[in-house]
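Visitor: Provided herewith is a single structure, encoded as structure tokens, for subsequent inquiry.
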Amino acid sequence: MNGPHGANLALPRLSRRAESLGTENAFVVLAEVNALQRAGKDIVSFCIGQPDFPTPGHVQDAAIEAIRSGKHGYTPSAGIDELRAAIAQDMGQRRGLDIASGDVVVGAGAKPFIAYTIASVTDYGVGDEVIYPVPGFPIYESQILANGAVPVPIYLRETRHFAFDPAELEAKITAKTRLIILNTPQNPTGGILAPGDLDAIADVLRRHPQVWVFADEIYSRLVYEGTFASIATRPGMLERTVISDGASKTWAMTGWRIGYAANRALAPVFTRWITNTESCASQISQWAALAAISGPQDAAAAMHATFRERRDRIVRLLNDVPGITCAAPGGAFYAWPNVTEACRRTGCADSEEFRRRLLHEAGVAVLADTHFGRRVPGDGQHIRFSYAASTAAIEDGVARLADFVRRGQRA
Ligand SMILES: Cc1ncc(COP(=O)(O)O)c(C=O)c1O
């Protein structure tokens with residue numbers, strides 16, 4: 001590298017931690033989409049996992065009131081008492097659990113708790129193992145690696161409705177296993193862990209008391225089939241489960257950055273992490289989140305109903321496209337169609353080539369399964385649609401996809 005005076009400067013090296021830190025490819029694809037849009041291309045985007053609704057009006061009002069009434073300073077690192085109490089009450093009531101406000105810590109989104117949990121229960125470079133779902137939210141693997149732990153994927157297969165096999169879980173647990181990450185409803189498949197799955201997982205985990213559980217329940221309010229259930233409700237699980245949830249998805253508050261985690265033993269540790277990193281979540285957003293949780297729920301209910309309608313529509317439309325099959329996702333706002341046959345028909349080597357050609361030739365932006373971890377052996381090619389998009393966009397996007405597959409047809 002050239003320095004200011006033209007001299008060759010070799011920079012000091014980066015840490016292994018920095019070099020092993022991954023990313024969320026949705027943001028990479030988003031940059032590609034933005035560049036195409038800036039160049040005047042007409043793109044229908046299904047990339048981003050955030051509600052396309054405004055934050056409910058009464059939540060906005062609460063934030064403005066917080067600003068106007070001088071709530072400008074730091075808060076305790078664990079969050080304001082009013083919000084912790086409201087979260088404990090709501091989180092406990094929805095899951096049928098007894099959660100105290102002292103068990104709850106508020107952070108700048110649910111995402112930081114993934115890192116805090118891994119950093120709190122594994123040690124760097126000593127072979128501590130973390131079991132995590134694949135396909136899955138890419139931050140799990142990235143943070144496992146950055147924290148010097150060993151990633152142990154557990155595969156979610158289409159034949160099991162994207163819930164993993166508890167027998168496979170048992171086979172992956174070793175004396176070095178420190179943590180298992182569960183995510184229900186799941187990103188990217190929309191899969192749900194059914195009550196029977198949770199029973200079976202808890203049965204396995206009771207035989208392995210050295211394992212913590214991170215229950216990523218950020219989509220817990222976005223369930224369309226049956227009711228949501230948490231692993232923490234199973235006997236012996238509450239004490240060693242970190243329940244993670246947040247305001248982003250339920251109340252369309254992704255940019256406000258409020259998430260929360262509950263676990264009695266780890267709450268003081270999470271609080272220390274927050275003191276060491278962001279100090280506290282934004283005070284204004286905390287008051288807004290309090291209004292979201294304890295105020296009227298009609299806006300959240302309306303968003304839920306709209307997501308359900310869109311889910312039904314996109315699944316029906318996708319299943320009408322030749323070479324594509326799409327199982328109905330039970331929750332979240334993602335569809336995860338199998339495009340193995342569509343790849344064959346269009347001469348695409350895999351889902352990533354399919355995704356790229358779909359973007360450049362048809363103007364439809366989606367993510368490929370490879371953005372969510374290594375390939376699941378024998379499970380074919382998948383792409384992810386976020387249906388946090390208007391009905392018109394869903395109809396237009398899937399029509400373009402159908403046209404792309406038909407045009408690309410190679411007998
Ligand atoms: C599975 C999963 N966990 C956690 C998050 C993080 O949510 P936030 O940090 O906005 O609360 C997301 C967001 O996309 C997610 O999909």
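Each chain of the structure tokens is named A, B, ... in the order shown, its residues numbered from 1; ligands are numbered from 1 in display order.
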Counting only C-alpha atoms and all ligand atoms, what residues are within 8 Å of ligand 1, given as a VMD selection string?

Guide: chain A and resid 49 to 50 108 to 112 114 136 to 137 183 186 to 188 216 to 219 245 to 249 253 to 255 257 to 260

Visitor: I'd like the contact shell of Arg221 (chain A) - 10 Å cut-off, only C-alpha atoms, skipping same-chain residues fewer than 5 positions apart - returned as a PyMOL selection string.

Guide: chain A and resi 94+185+227-228+245+249-251+300-301+304+331-332

Visitor: Report as a VMD selection string all protein, DNA and RNA residues lying within 9 Å of Thr241 (chain A), evaluated on only C-alpha atoms, omitting residues in the same chain fewer than 5 positions from it.

Guide: chain A and resid 212 to 215 231 to 232 262 to 263

Visitor: Could you write those residues out with C-alpha atoms, as a short mmCIF file (atom, residue, chain, number, x, y, z; two decimals), in the first residue's frame?

Guide:
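out00.cif, written as the output of this step:
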data_model
loop_
_atom_site.label_atom_id
_atom_site.label_comp_id
_atom_site.auth_asym_id
_atom_site.auth_seq_id
_atom_site.Cartn_x
_atom_site.Cartn_y
_atom_site.Cartn_z
CA TRP A 212 -26.65 -24.07 27.04
CA VAL A 213 -29.50 -23.22 24.66
CA PHE A 214 -29.89 -20.01 22.69
CA ALA A 215 -33.55 -19.86 21.63
CA ILE A 231 -38.03 -24.88 24.30
CA ALA A 232 -37.81 -23.01 27.63
CA ALA A 262 -33.91 -13.47 29.23
CA ASN A 263 -31.92 -15.86 31.36
#

Visitor: Could you tell me how far CA of Asp98 (chain A) lies from CA of Ser77 (chain A), in Å and to one decimal?

Guide: 22.7 Å

Visitor: With distances taken over only C-alpha atoms, which of A:Gln381, A:Thr189, A:Asn147, A:Ser285 is nearest to Ala328 (chain A)?

Guide: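 Once distances to Ala328 (chain A) are computed over only C-alpha atoms, the minimum belongs to A:Thr189.
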
Visitor: For the strand (DSSP E or B) assignment from backbone DSSP, which residues of region 220-360 of chain A qualify? Please present them as a list in words.

Guide: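 The residues of region 220-360 of chain A classed as strand (DSSP E or B) are Val223, Thr241, Val242, Ile243, Ser244, Asp245, Gly246, Gly259, Tyr260, Ala261, Ala262, Thr325, Gly331, Tyr334, Ala335 and Asn338 of chain A.
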
Visitor: Can you pull out every residue within 6 Å of Val104 (chain A), counting only C-alpha atoms, but drop anything in the same chain fewer than 3 positions away, and send it as a list in words?

Guide: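 Residues near the query, excluding close chain neighbours: Arg84, Ser101, Ala261 and Ala262 of chain A.
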
Visitor: Out of region 89-294 of chain A, which residues get alpha helix (DSSP H) from DSSP, as a PyMOL selection string?

Guide: chain A and resi 89-95+111-121+138-146+166-172+195-206+267-276+283-294

Visitor: For region 340-346 of chain A, work out the shell of residues within 9 Å, counting only C-alpha atoms and skipping chain neighbours fewer than 4 positions away, then give it as a tab-separated table (two decimals) with N, CA and C atoms, in the first residue's frame.

Guide:
chain	number	residue	atom	x	y	z
A	321	VAL	N	-45.33	-22.24	-10.79
A	321	VAL	CA	-44.20	-22.05	-11.72
A	321	VAL	C	-43.61	-23.42	-12.03
A	322	PRO	N	-43.46	-23.73	-13.33
A	322	PRO	CA	-42.90	-25.04	-13.67
A	322	PRO	C	-41.49	-25.21	-13.11
A	323	GLY	N	-41.24	-26.35	-12.49
A	323	GLY	CA	-39.88	-26.61	-11.98
A	323	GLY	C	-39.67	-26.08	-10.57
A	324	ILE	N	-40.71	-25.52	-9.95
A	324	ILE	CA	-40.55	-24.99	-8.58
A	324	ILE	C	-41.62	-25.60	-7.67
A	325	THR	N	-41.19	-26.01	-6.49
A	325	THR	CA	-42.16	-26.44	-5.47
A	325	THR	C	-41.87	-25.66	-4.20
A	350	ASP	N	-26.38	-24.08	-10.20
A	350	ASP	CA	-26.86	-24.15	-8.82
A	350	ASP	C	-27.72	-22.93	-8.49
A	351	SER	N	-28.16	-22.88	-7.23
A	351	SER	CA	-29.06	-21.81	-6.79
A	351	SER	C	-28.42	-20.42	-6.92
A	353	GLU	N	-26.18	-19.41	-9.22
A	353	GLU	CA	-26.25	-18.96	-10.62
A	353	GLU	C	-27.69	-18.60	-10.97
A	354	PHE	N	-28.62	-19.38	-10.46
A	354	PHE	CA	-30.05	-19.11	-10.69
A	354	PHE	C	-30.39	-17.72	-10.13
A	380	GLY	N	-31.03	-30.54	-2.37
A	380	GLY	CA	-31.35	-29.76	-3.57
A	380	GLY	C	-31.05	-28.28	-3.42
A	381	GLN	N	-31.58	-27.52	-4.39
A	381	GLN	CA	-31.30	-26.07	-4.48
A	381	GLN	C	-32.51	-25.28	-4.00
A	382	HIS	N	-32.25	-24.25	-3.20
A	382	HIS	CA	-33.35	-23.39	-2.72
A	382	HIS	C	-32.98	-21.92	-2.87
A	404	PHE	N	-38.97	-16.19	-16.68
A	404	PHE	CA	-37.53	-16.50	-16.74
A	404	PHE	C	-37.33	-18.01	-16.90
A	405	VAL	N	-38.08	-18.80	-16.13
A	405	VAL	CA	-37.92	-20.26	-16.21
A	405	VAL	C	-38.39	-20.74	-17.58
A	406	ARG	N	-39.52	-20.20	-18.05
A	406	ARG	CA	-40.03	-20.64	-19.36
A	406	ARG	C	-39.06	-20.27	-20.48
A	407	ARG	N	-38.56	-19.02	-20.44
A	407	ARG	CA	-37.63	-18.56	-21.49
A	407	ARG	C	-36.36	-19.38	-21.51
A	408	GLY	N	-35.92	-19.72	-20.30
A	408	GLY	CA	-34.62	-20.41	-20.19
A	408	GLY	C	-34.72	-21.89	-20.46
A	409	GLN	N	-35.95	-22.34	-20.70
A	409	GLN	CA	-36.20	-23.77	-20.85
A	409	GLN	C	-35.30	-24.41	-21.89
A	410	ARG	N	-34.55	-25.40	-21.45
A	410	ARG	CA	-33.70	-26.09	-22.44
A	410	ARG	C	-34.19	-27.52	-22.54
A	411	ALA	N	-35.32	-27.70	-23.17
A	411	ALA	CA	-36.03	-28.97	-23.41
A	411	ALA	C	-35.91	-29.99	-22.29

Visitor: Tell me which protein, DNA and RNA residues are within 8 Å of region 157-169 of chain A, counting only C-alpha atoms, leaving out same-chain ones fewer than 2 positions away, and put them as a list in words.

Guide: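 Those residues are Pro133, Ile154, Tyr155, Ala171, Lys172, Ile173, Thr189, Gly191, Ile192, Leu193, Asp197, Ala200, Ile201, Val204, Ala327, Val376 and Asp379 of chain A.
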
Visitor: Could you work out how far CA of Phe385 (chain A) lies from CA of Val130 (chain A), giving the answer in Å with one decimal?

Guide: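 Interatomic distance, CA of Val130 (chain A) to CA of Phe385 (chain A): 27.8 Å.
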
Visitor: So which residues touch region 16-21 of chain A within 8 Å, counting only C-alpha atoms, skipping near sequence neighbours fewer than 3 positions away, as a PyMOL selection string?

Guide: chain A and resi 142-143+145-148

Visitor: A:Gln89, A:Val121, A:Gly57, A:Gly22: which is nearest Pro296 (chain A), counting only C-alpha atoms?

Guide: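 When distances to Pro296 (chain A) are compared using only C-alpha atoms, the smallest one comes from A:Gly57.
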
Visitor: Kindly indicate which residue among A:Leu238, A:Val366, A:Cys348, A:Ala194 lies nearest to Val28 (chain A), using only C-alpha atoms for the distances.

Guide: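 Distance minimum relative to Val28 (chain A) lands on A:Val366.
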
Visitor: Between CA of Ser386 (chain A) and CA of Ile43 (chain A), what is the spacing in Å?

Guide: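 Separation between CA of Ile43 (chain A) and CA of Ser386 (chain A): 14.4 Å.
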
Visitor: Given the choices A:Leu182, A:Val152, A:Ala349, A:Ala402, which gets closest to Leu317 (chain A) if the distance is worked out from only C-alpha atoms?

Guide: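 For Leu317 (chain A), the nearest of the given residues is A:Ala402.
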